[in-house]
Structures are given as C-alpha cells and as structure tokens.
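Peer 1: Can you keep this structure in mind? I'll have questions shortly.
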Amino acid sequence: MKSFKLLLMTALLMVAGSLNAQENQGEIIDLLPENVTANIGSERKQDKQKNMVIAGSPEKGYKAFFAAVDDEHGEELWVTDGTKEGTHMVKDIVPGTGSGNPMYLGRLNDKVLFSAYTDETDFEPWVSDGTEEGTFMLADLYTFGASDPKAFTQMNETQAIFGAIDDESAEFDTDRGPQHWLYVTDGTVEGTKRVVEDAESPNQADMRHPGQDNTTLHTAYVRVGRRVFFKADMTNGSTGEELWVTDGTEEGTYEVMDINWEQWPEGKWGHDEGYTRNCGLDNLENYKNEKVFFQAWTPRYGSEMWCSDGTKGEPVTGDGQGDDHTYLIAEQDETIGDNGLGNGRGTFGTGWEVYDDRIWFRMWDPVGGYEIGGTNMQKGDKKYFDIWQEEPSNTHNSYSDPGCIFDGVYMFCAAHGFDAAREDNYGGEMWCLDGEKVWMQYDFCPGTGCDWIKEQTVAGGSLYWYNESNSQPDVFGSGIYRLDSKDGIPVVCTHIVPTGDFANTLRNLDGDLIFNLNSNHRVYVYKYTKEGWDGKSDKGYLEPNFDKDGATGIEDVTNNKLGENVNVYTINGMQIRQNVKAEQATEGLEKGIYVVGDKKVVVK
C-alpha cells in the first residue's frame with residue numbers, strides 16, 4: 001500500500017511544477033502592479049499588526065484591504081476585489097512619499113477600521129469603505145502623541161470596539177505609563193466615543209497588554225454573541241490582567257472575575273498590599289455565542305482550560321475553581337510540582353470552530369501525552385484521542401495544531417513519527433476527526449516527509465492551507481495546497497517562487513482564495529470552483545453570526561405566514577428583495593441577519 005502511494009505521488013509530482021498540467025487546476029492572479037509590494041505580517045494571528053481583512057456584504061460584494069508600498073506614495077491603504085483592474089490604493093493619507101502606515105485592520109460590515117499616521121495627528125483611528133472620499137479619521141484622541149488604536153473588533157450588527165490612548169489615559173498613572181482605554185464606534189465621527197467616561201470608575205479597563213504573542217490562530221479579543229471578551233487590568237493595577245467583557249456600555253463593561261489570587265509582595269514593582277498577579281489569560285475562543293473558552297493560570301492548577309458566560313463573579317481564592325458561570329472546566333494534569341504549584345498543561349492550538357459540540361485543542365493526558373482533545377464547556381468534560389500510540393505513548397506525541405471543519409469532519413495537522421525505517425511513521429500530515437474516531441487524511445508527503453498544515457481556510461467548496469516547511473522543499477515548498485473532499489488527494493496550487501513561496505494570511509474572498517507571499521511581498525488570488533459543487537456547502541465564512549448557538553445552515557422562515565408576500569431587508573435597513581413568498585425569502589442569501597416582513601431571520 002505504501003509503495004502504491006509512493007508511485008501515485010511520483011506521478012503527481014511530475015506535473016506539480018506546471019500550473020496548467022493538473023486536472024481542475026485553478027487560475028493564479030498576481031494582483032499588484034509591478035512597482036508595488038504588500039506589507040502583510042507573516043504570523044498567523046488574525047489580529048496581527050499588519051493584517052489583511054475581508055469586508056463587504058452579500059449585496060455589495062466583498063473586498064480585501066491591506067497595506068502596500070510604492071515609490072510615489074509610500075505605504076498606504078490598498079483594496080482589491082480579486083481582479084487586477086479592481087486593485088488600487090484607496091487614499092494617499094500622507095501625500096507624496098510619506099506613509100500613512102495603516103495597521104491593526106479590523107472589519108465593520110462593509111468598512112474597515114484601522115490605525116493610520118499623519119504628521120498632524122500621529123497614529124489615530126480611521127475608517128474606510130474602499131473609496132477615497134469614504135476614508136477618514138474618526139477622532140484625534142491623544143492631543144500630544146499617538147493614540148495607538150488597536151484591537152478593532154466588530155461587536156454587533158452596527159458597532160465595533162477598540163482600545164486607544166487618550167489625553168486622560170496617558171496621564172492617569174505616570175508611574176506605570178499610558179493606558180489603552182476602551183472605545184466603541186459605528187464607523188462615524190459622531191458615533192466614536194469612550195465607553196466609560198469616569199476615569200476612576202471600576203468599569204474602566206486598562207487593556208494595554210492584549211495577550212501573548214504566539215503563533216496560534218486565536219486573537220486577544222473574541223466576540224461572543226454581541227459582546228467582546230478581552231484581557232485587561234483595573235486602572236490601578238490591583239488585580240493584574242484578567243478576563244473582562246463589554247457590550248459597548250459602561251454598565252456592561254467589567255472585570256468578570258479575578259481568577260489568580262496570588263498576591264504581589266507589597267512594594268514589588270510598585271504594587272500595593274493586596275494586589276494580585278494576572279492569570280495568564282490566553283487562547284480565547286467563542287463557544288456557540290454563549291460562552292468564552294480560554295486558558296487561565298492559578299497557583300493550585302497551573303494553566304488549564306476555563307469557561308465563562310460573562311456573569312460577574314467573586315474573586316477566586318485558594319483551591320477555588322470559580323463559580324457556576326466562570327470556572328475551570330477540567331484538569332489535564334492533576335499533579336503538583338515540587339514548588340507547590342499545579343502542573344497545568346495549557347490549551348495550545350485551539351481551533352475557533354465548534355465541532356461535535358466541542359472546542360478542540362492540543363490536550364495532555366498522563367497516558368498518551370500531547371494529542372488532540374476537546375471539551376463541551378461542561379464541568380469535568382474532556383474528550384481525548386491518542387493518535388501516536390507507540391509505547392511509551394506519553395513520550396510519543398502528535399502535537400496537534402489548530403483545525404477547521406470541512407466536508408463534515410474536523411481536519412487538523414498532527415505528527416505520527418519520524419523514523420524512516422518504520423512503515424507506520426508518517427511525519428506531519430492532515431488528520432480527520434468525526435467525534436468518535438481519528439484517521440490520517442492522506443500520506444501526502446510520502447514516508448516521514450511533512451505536510452505542516454497551517455491556516456486552513458474554506459472557500460468556494462474547497463479547503464486550502466499552506467505548508468510551512470518540509471523535508472522536500474524543492475517539490476512541495478511552502479505554497480498553497482487544496483483539498484476538494486475529505487477523501488481526496490491534496491493538490492499543489494502554487495510554485496511561484498522556486499525557493500519557496502512562504503505563503504500566509506489566507507482569506508476567503510467570496511469564494512476565491514486570496515493570500516500573501518512573504519517571499520516576494522505580493523498578493524495573489526486563486527480562482528477555482530470544484531466540479532459539481534452545489535454552491536452552498538463549504539462556502540467558508542463571510543458574515544458574522546451574532547445569535548445563540550452559532551450553528552451552520554439556514555433557518556426556516558416560520559415567523560411569517562406561508563404563502564404571504566414579504567419584503568426582505570438587511571439589518572441596516574437596505575431593501576434587497578421585494579414582494580417574495582415568505583417561505584422563499586432567504587433562499588440563496590449569504591449568512592447574516594435579515595428582516596423578512598416584520599420578523600428578524602438569521603441565515604446561518
């Protein structure tokens with residue numbers, strides 16, 4: 001069987017260098033003009049400083065925003081609709097060769113929010129709809145310097161939040177330095193304001209330390225329903241960075257719980273008596289728009305998996321595990337080290353989708369070691385699969401990485417041995433999970449060669465990823481790969497740079513795949529539609545779902561009488577259909593929230 005697969009792969013690789021030689025191969029388009037290079041960070045975080053963001057709507061279409069540089073204009077905001085003729089600079093924010101240096105791009109419906117520089121104001125919050133006249137500064141928040149806005153996160157159908165330095169927060173605690181305080185915006189100058197006006201309010205969050213800068217796909221800010229969870233401290237530094245939540249109002253913004261009770265020694269780094277350390281908050285993920293999953297540290301348990309519905313609770317003390325609303329879900333390692341601290345194992349590699357009612361991540365087990373596991377957020381719940389079972393299994397670890405849902409299964413990267421003399425060692429490959437069992441998708445890099453799968457992205461019915469590196473870079477490189485079904489054979493989509501494409505920042509651009517190459521700092525789109533695709537399944541995510549459960553599929557229109565004719569509007573009041581049957585009102589619509597007749601309907 002192994003020799004057959006090797007022969008099959010040899011035949012496949014003979015045509016891998018020619019983009020037109022492979023069956024059903026898509027079209028690759030270099031979107032940028034010859035003298036333009038993109039500035040898009042290579043790390044995988046969705047909220048990275050130099051990001052590429054998709055914004056738009058089913059009615060207006062979708063565009064990708066990013067920063068790019070040319071000799072005439074410096075670094076400015078660019079936009080593309082996925083065609084060469086539709087790719088252009090949006091606005092020369094700093095006229096001439098100076099740079100607006102757009103950063104921390106975040107979506108707000110069909111607009112993009114970002115930080116940009118001008119000589120007059122330094123870095124302040126901006127908004128753009130992709131046109132020059134629709135690109136402008138929202139506020140000059142810090143008179144004497146840069147407000148350094150970041151963390152632009154859409155919170156509900158019309159608003160986003162972000163953190164920024166303003167005149168008051170810059171001087172609030174001169175010993176500890178400027179603080180980022182919470183702002184909310186609807187994308188207009190009038191609708192951009194600080195959430196908590198009173199500087200002394202316990203609801204005022206010091207959010208300048210957003211989270212650990214690791215390479216997993218998680219962000220430091222996560223929307224759950226119509227609220228955003230984030231990491232922040234009290235403005236006086238009394239609790240350390242803990243879990244906070246906001247709904248964009250003062251009363252709805254607060255520290256959820258002081259999880260780590262460990263106290264600072266009095267006077268240590270300026271901390272007063274009774275001040276506690278932070279909980280090492282990280283890896284926040286949305287669970288069905290009901291709860292937030294996250295990693296937190298306490299002296300008793302170390303770093304473990306926690307969950308919260310955002311209800312304000314009392315501080316954790318001693319061996320406490322929270323309350324019925326914010327709690328430690330389950331221990332991976334129940335032992336305590338010689339230093340008296342719990343040996344928690346963390347939640348590295350969390351996936352952002354819920355599959356089989358669980359969030360999946362790299363879980364540790366005393367028998368099997370680091371493998372794939374998940375939890376449904378109920379106290380005590382954890383499900384674990386030992387992929388690499390070679391004895392002793394707890395030292396033979398697959399070290400699973402984040403996955404995504406495709407073709408009805410959860411697909412992720414895992415390693416299964418690197419001993420070329422063993423036929424059951426496959427290196428790093430794609431694996432599948434259906435909730436009851438796991439199996440290798442395909443030994444794409446034969447033997448112990450590695451297909452290190454990163455940034456899985458579903459678009460237009462297919463699954464895409466980039467290979468970070470492997471033992472055969474001249475053949476597979478670090479380009480884009482494609483899979484059309486869970487039982488298919490992966491296809492090499494790109495070999496643009498002979499020494500390796502170093503692709504990253506994969507995004508779904510309304511069914512096409514758009515991505516950045518760090519090797520030549522250019523942006524490409526890959527246009528492909530698999531044969532027989534129904535146009536509905538595996539479309540990928542374009543519109544946020546704010547309602548409870550966060551399931552996929554389309555809800556039946558049951559709130560209006562069957563047979564009656566209705567009008568259909570977007571949540572913002574734009575009419576998109578007129579005088580259609582209620583039972584047919586949402587057919588073919590993209591995911592989102594609509595008003596059908598006199599009722600709100602969620603298309604998921």
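Convention: chains lettered A, B, ... in structure tokens order; per-chain residue numbering from 1; ligands numbered from 1 as shown.
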List the neighbours of range 343-352 of chain A out to 9 Å using only C-alpha atoms; skip same-chain residues closer than 2 positions along the sequence, and give me the result as JSON, numbers by chain.

Peer 2: {"A": [215, 216, 217, 218, 282, 283, 284, 285, 286, 287, 294, 295, 296, 297, 298, 300, 301, 302, 303, 304, 305, 331, 332, 333, 334, 335, 336, 337, 341, 354, 359, 360, 361, 362, 363, 364, 399, 400, 401, 402, 403, 404, 412]}

Peer 1: Keeping only C-alpha atoms, take the residues you just selected and write them out as a PDB file, in the first residue's frame.

Peer 2:
ATOM      1  CA  THR A 215       1.540  31.788  16.553  1.00  0.00           C
ATOM      2  CA  THR A 216      -1.841  30.141  17.092  1.00  0.00           C
ATOM      3  CA  LEU A 217      -4.851  31.491  15.214  1.00  0.00           C
ATOM      4  CA  HIS A 218      -6.545  32.904  18.303  1.00  0.00           C
ATOM      5  CA  ASP A 282      -4.797  33.358  26.551  1.00  0.00           C
ATOM      6  CA  ASN A 283      -6.425  31.433  23.670  1.00  0.00           C
ATOM      7  CA  LEU A 284      -9.902  32.959  23.892  1.00  0.00           C
ATOM      8  CA  GLU A 285     -12.482  31.260  21.652  1.00  0.00           C
ATOM      9  CA  ASN A 286     -16.205  31.710  21.038  1.00  0.00           C
ATOM     10  CA  TYR A 287     -18.381  28.759  22.059  1.00  0.00           C
ATOM     11  CA  PHE A 294      -9.926  30.385  27.470  1.00  0.00           C
ATOM     12  CA  GLN A 295      -6.705  29.390  29.211  1.00  0.00           C
ATOM     13  CA  ALA A 296      -6.011  30.709  32.710  1.00  0.00           C
ATOM     14  CA  TRP A 297      -3.367  30.131  35.408  1.00  0.00           C
ATOM     15  CA  THR A 298      -3.770  29.726  39.146  1.00  0.00           C
ATOM     16  CA  ARG A 300      -3.154  25.452  42.524  1.00  0.00           C
ATOM     17  CA  TYR A 301      -3.905  24.221  38.980  1.00  0.00           C
ATOM     18  CA  GLY A 302      -1.384  25.923  36.717  1.00  0.00           C
ATOM     19  CA  SER A 303      -2.557  26.778  33.157  1.00  0.00           C
ATOM     20  CA  GLU A 304      -5.799  24.953  32.411  1.00  0.00           C
ATOM     21  CA  MET A 305      -8.996  25.254  30.368  1.00  0.00           C
ATOM     22  CA  GLU A 331      -7.748  19.327  34.792  1.00  0.00           C
ATOM     23  CA  GLN A 332      -5.392  17.755  32.289  1.00  0.00           C
ATOM     24  CA  ASP A 333      -2.674  17.197  34.885  1.00  0.00           C
ATOM     25  CA  GLU A 334      -3.740  16.733  38.478  1.00  0.00           C
ATOM     26  CA  THR A 335      -0.213  16.600  39.905  1.00  0.00           C
ATOM     27  CA  ILE A 336       1.526  19.313  41.885  1.00  0.00           C
ATOM     28  CA  GLY A 337       5.198  20.142  41.389  1.00  0.00           C
ATOM     29  CA  LEU A 341       2.311  24.777  42.055  1.00  0.00           C
ATOM     30  CA  VAL A 354     -17.150  24.211  17.435  1.00  0.00           C
ATOM     31  CA  ILE A 359     -13.725  23.242  21.190  1.00  0.00           C
ATOM     32  CA  TRP A 360     -10.649  21.234  20.123  1.00  0.00           C
ATOM     33  CA  PHE A 361      -7.026  21.847  21.078  1.00  0.00           C
ATOM     34  CA  ARG A 362      -3.730  20.149  21.923  1.00  0.00           C
ATOM     35  CA  MET A 363      -4.689  18.306  25.132  1.00  0.00           C
ATOM     36  CA  TRP A 364      -2.384  16.465  27.515  1.00  0.00           C
ATOM     37  CA  TYR A 399       1.375  17.727  18.986  1.00  0.00           C
ATOM     38  CA  SER A 400      -1.816  18.532  17.083  1.00  0.00           C
ATOM     39  CA  ASP A 401      -2.253  22.021  15.617  1.00  0.00           C
ATOM     40  CA  PRO A 402      -5.466  24.045  15.067  1.00  0.00           C
ATOM     41  CA  GLY A 403      -8.023  22.633  12.647  1.00  0.00           C
ATOM     42  CA  CYS A 404     -11.242  23.578  10.909  1.00  0.00           C
ATOM     43  CA  PHE A 412      -6.180  19.271  11.644  1.00  0.00           C
TER      44      PHE A 412
END

Peer 1: Could you write out, as a ChimeraX atom specification, all the residues of range 2-157 of chain A that DSSP marks as strand (DSSP E)?

Peer 2: /A:27-30,37-38,53-57,61-70,74-80,87-91,103-108,111-118,122-128,135-137,150-154

Peer 1: Using only C-alpha atoms, which of the listed residues (A:Glu132, A:Asp148, A:Asp175, A:Glu34) sits closest to Phe162 in chain A?

Peer 2: A:Asp148

Peer 1: Calculate how many Å separate CA of Glu371 in chain A from CA of Ala420 in chain A, rounding to one decimal.

Peer 2: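 Computing it gives 21.5 Å between the two atoms.
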
Peer 1: Counting only C-alpha atoms, which residue out of A:Gly26, A:Gly320, A:Gly313, A:Gly488 sits closest to Gly460 in chain A?

Peer 2: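 With only C-alpha atoms as the atom set, the closest residue is A:Gly26.
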
Peer 1: Name the residues of range 12-188 of chain A that come out as helix (DSSP H, G or I) in a backbone DSSP run; write them as a PyMOL selection string.

Peer 2: chain A and resi 12-13+167-171

Peer 1: Find the residue from A:Glu27, A:Glu197, A:Asp92, A:Glu290 that sits nearest to Thr529 in chain A; use only C-alpha atoms when measuring.

Peer 2: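 Residue with the minimum atom-to-atom distance to Thr529 in chain A: A:Glu27.
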
Peer 1: With a distance cut-off of 9 Å and only C-alpha atoms, select the neighbouring residues of range 55-68 of chain A, excluding the residue or stretch itself and same-chain residues fewer than 5 positions from it, and output the selection as an MDAnalysis selection string.

Peer 2: chainID A and resid 36:40 50 74:82 89 101:103 105:112 129:130 507 509:510 514 522 542:543 570 576 589:592

Peer 1: Go through A:Val523, A:Ile329, A:Val602, A:Val245 one by one, measure the shortest atom-to-atom distance of each to Thr83 in chain A using only C-alpha atoms, and give the residue with the smallest value.

Peer 2: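 Closest to Thr83 in chain A of all the choices is A:Val523.
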
Peer 1: I want to know what sits within 12 Å of Asp173 in chain A, based on only C-alpha atoms, with residues of the same chain fewer than 6 positions away left out; could you give that as number ranges by chain?

Peer 2: A: 167, 179-180, 199-200, 206, 234-237, 270

Peer 1: Extract, using only C-alpha atoms, all DNA, RNA and protein residues at most 12 Å from Cys413 in chain A, discarding same-chain residues fewer than 6 positions from it, and format them as number ranges by chain.

Peer 2: A: 349, 351, 361-362, 371-372, 387, 398-404, 426-433, 438-443, 450-456, 465-468

Peer 1: Can you pull out the residues contacting Gly479 in chain A? Cut-off 10 Å, using only C-alpha atoms, and skip same-chain residues under 3 positions away; I want them as number ranges by chain.

Peer 2: A: 465-469, 473, 476, 492-497, 500-504, 517

Peer 1: Tell me which protein, DNA and RNA residues are within 10 Å of Gly535 in chain A, counting only C-alpha atoms, leaving out same-chain ones fewer than 3 positions away, and put them as a short mmCIF file (atom, residue, chain, number, x, y, z; two decimals) with N, CA, C and O atoms, in the first residue's frame.

Peer 2:
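File result27.cif, as written:
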data_model
loop_
_atom_site.label_atom_id
_atom_site.label_comp_id
_atom_site.auth_asym_id
_atom_site.auth_seq_id
_atom_site.Cartn_x
_atom_site.Cartn_y
_atom_site.Cartn_z
N GLY A 460 -15.26 28.55 -1.38
CA GLY A 460 -15.77 28.05 -2.66
C GLY A 460 -15.85 26.54 -2.75
O GLY A 460 -15.68 25.99 -3.84
N GLY A 461 -16.12 25.87 -1.64
CA GLY A 461 -16.30 24.43 -1.66
C GLY A 461 -15.04 23.61 -1.43
O GLY A 461 -15.11 22.38 -1.38
N GLY A 511 -15.49 33.24 -2.10
CA GLY A 511 -15.35 32.00 -2.85
C GLY A 511 -13.99 31.80 -3.48
O GLY A 511 -13.63 30.67 -3.81
N THR A 529 -13.25 26.68 -8.82
CA THR A 529 -14.50 26.10 -8.32
C THR A 529 -14.49 24.62 -8.64
O THR A 529 -14.35 24.23 -9.81
N LYS A 530 -14.62 23.81 -7.63
CA LYS A 530 -14.52 22.37 -7.86
C LYS A 530 -15.73 21.85 -8.64
O LYS A 530 -16.84 22.37 -8.54
N GLY A 532 -18.89 20.04 -9.78
CA GLY A 532 -20.07 19.51 -9.10
C GLY A 532 -20.40 20.18 -7.79
O GLY A 532 -21.33 19.74 -7.10
N ASP A 538 -19.77 24.15 2.39
CA ASP A 538 -18.36 24.55 2.46
C ASP A 538 -18.08 25.84 1.72
O ASP A 538 -17.10 25.97 0.99
N LYS A 539 -18.93 26.84 1.93
CA LYS A 539 -18.71 28.13 1.29
C LYS A 539 -17.62 28.94 2.00
O LYS A 539 -17.03 29.84 1.41
N GLY A 588 -30.78 31.32 -0.97
CA GLY A 588 -29.60 31.82 -1.66
C GLY A 588 -28.90 33.00 -1.02
O GLY A 588 -27.87 33.46 -1.52
#
